[in-house]
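Student: So that we are looking at the same thing, I have put the structure below in structure tokens.
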Amino acid sequence: MKVSEFQNLIKDLYFKRDLNRGIEVTFIWLIEEIGEFARVLRNKVLNRQNASEELADIIAWTSSLANLLEINLESALLKKYPGKCIKCKSNPCICQK
């Protein structure tokens, strides 16, 4: 599935609810999901299933915010990450730390 297809799916499923909720509250939901992901990572033994679910939630809430802001995530990603490092222009990156 392409990023744009997923973003459209999230829009079809939740845009009305997201619009009623608003940008600020939708952002708070995203932050809560990031917190849940942090709790998964803090465990001594990583539960990959839980990590996978939380990452999916983070991407879904990010897509909701992009929809509310009328930002095409796929275009934004391709512009920001054009297949090479935007600093050294190499793939993989060879920038010094």
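Letters A, B, ... go to the chains of the structure tokens in the order shown; residues in each chain start at 1; ligands are counted from 1 in the same order.
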Identify all residues of chain A in alpha helix (DSSP H) (DSSP on the backbone) and supply them as a PyMOL selection string.

Tutor: chain A and resi 3-21+23-42+48-68+73-80

Student: Which neighbours of Ser75 (chain A) fall inside 10 Å, counting only C-alpha atoms, when residues of the same chain fewer than 5 positions from it are skipped, and could you give them as a ChimeraX atom specification?

Tutor: /A:3-4,80-81

Student: Grab the CA of Phe6 (chain A) to CA of Ile86 (chain A) distance for me, in Å with one decimal place.

Tutor: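 Straight-line distance from CA of Phe6 (chain A) to CA of Ile86 (chain A) works out to 25.5 Å.
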
Student: Taking only residues of region 46-94 of chain A that have an atom at most 9 Å from an atom of region 7-14 of chain A, what is each one's shortest atom pair and its distance in Å to one decimal, using only C-alpha atoms, in chain and number order, as JSON lines?

Tutor:
{"residue": "A:Ala60", "atom": "CA", "partner": "A:Ile10", "partner_atom": "CA", "distance": 6.8}
{"residue": "A:Trp61", "atom": "CA", "partner": "A:Ile10", "partner_atom": "CA", "distance": 8.7}
{"residue": "A:Ser63", "atom": "CA", "partner": "A:Gln7", "partner_atom": "CA", "distance": 5.4}
{"residue": "A:Ser64", "atom": "CA", "partner": "A:Ile10", "partner_atom": "CA", "distance": 6.6}
{"residue": "A:Ala66", "atom": "CA", "partner": "A:Gln7", "partner_atom": "CA", "distance": 8.1}
{"residue": "A:Asn67", "atom": "CA", "partner": "A:Lys11", "partner_atom": "CA", "distance": 6.5}
{"residue": "A:Leu68", "atom": "CA", "partner": "A:Lys11", "partner_atom": "CA", "distance": 9.0}
{"residue": "A:Asn72", "atom": "CA", "partner": "A:Gln7", "partner_atom": "CA", "distance": 8.1}
{"residue": "A:Leu73", "atom": "CA", "partner": "A:Gln7", "partner_atom": "CA", "distance": 7.5}
{"residue": "A:Glu74", "atom": "CA", "partner": "A:Gln7", "partner_atom": "CA", "distance": 8.6}

Student: Could you pull the residues within 10 Å of Trp29 (chain A), counting only C-alpha atoms, minus those fewer than 6 positions along the same chain, as a PDB file with C-alpha atoms, in the first residue's frame?

Tutor:
ATOM      1  CA  ILE A  23      -6.315  19.553  15.129  1.00  0.00           C
ATOM      2  CA  GLY A  35       3.802   7.588  24.842  1.00  0.00           C
ATOM      3  CA  ASP A  57      -1.323   3.844  15.470  1.00  0.00           C
ATOM      4  CA  ILE A  58       1.303   6.596  15.271  1.00  0.00           C
ATOM      5  CA  TRP A  61      -2.845   9.540  13.796  1.00  0.00           C
ATOM      6  CA  THR A  62      -0.147  11.301  11.769  1.00  0.00           C
TER       7      THR A  62
END
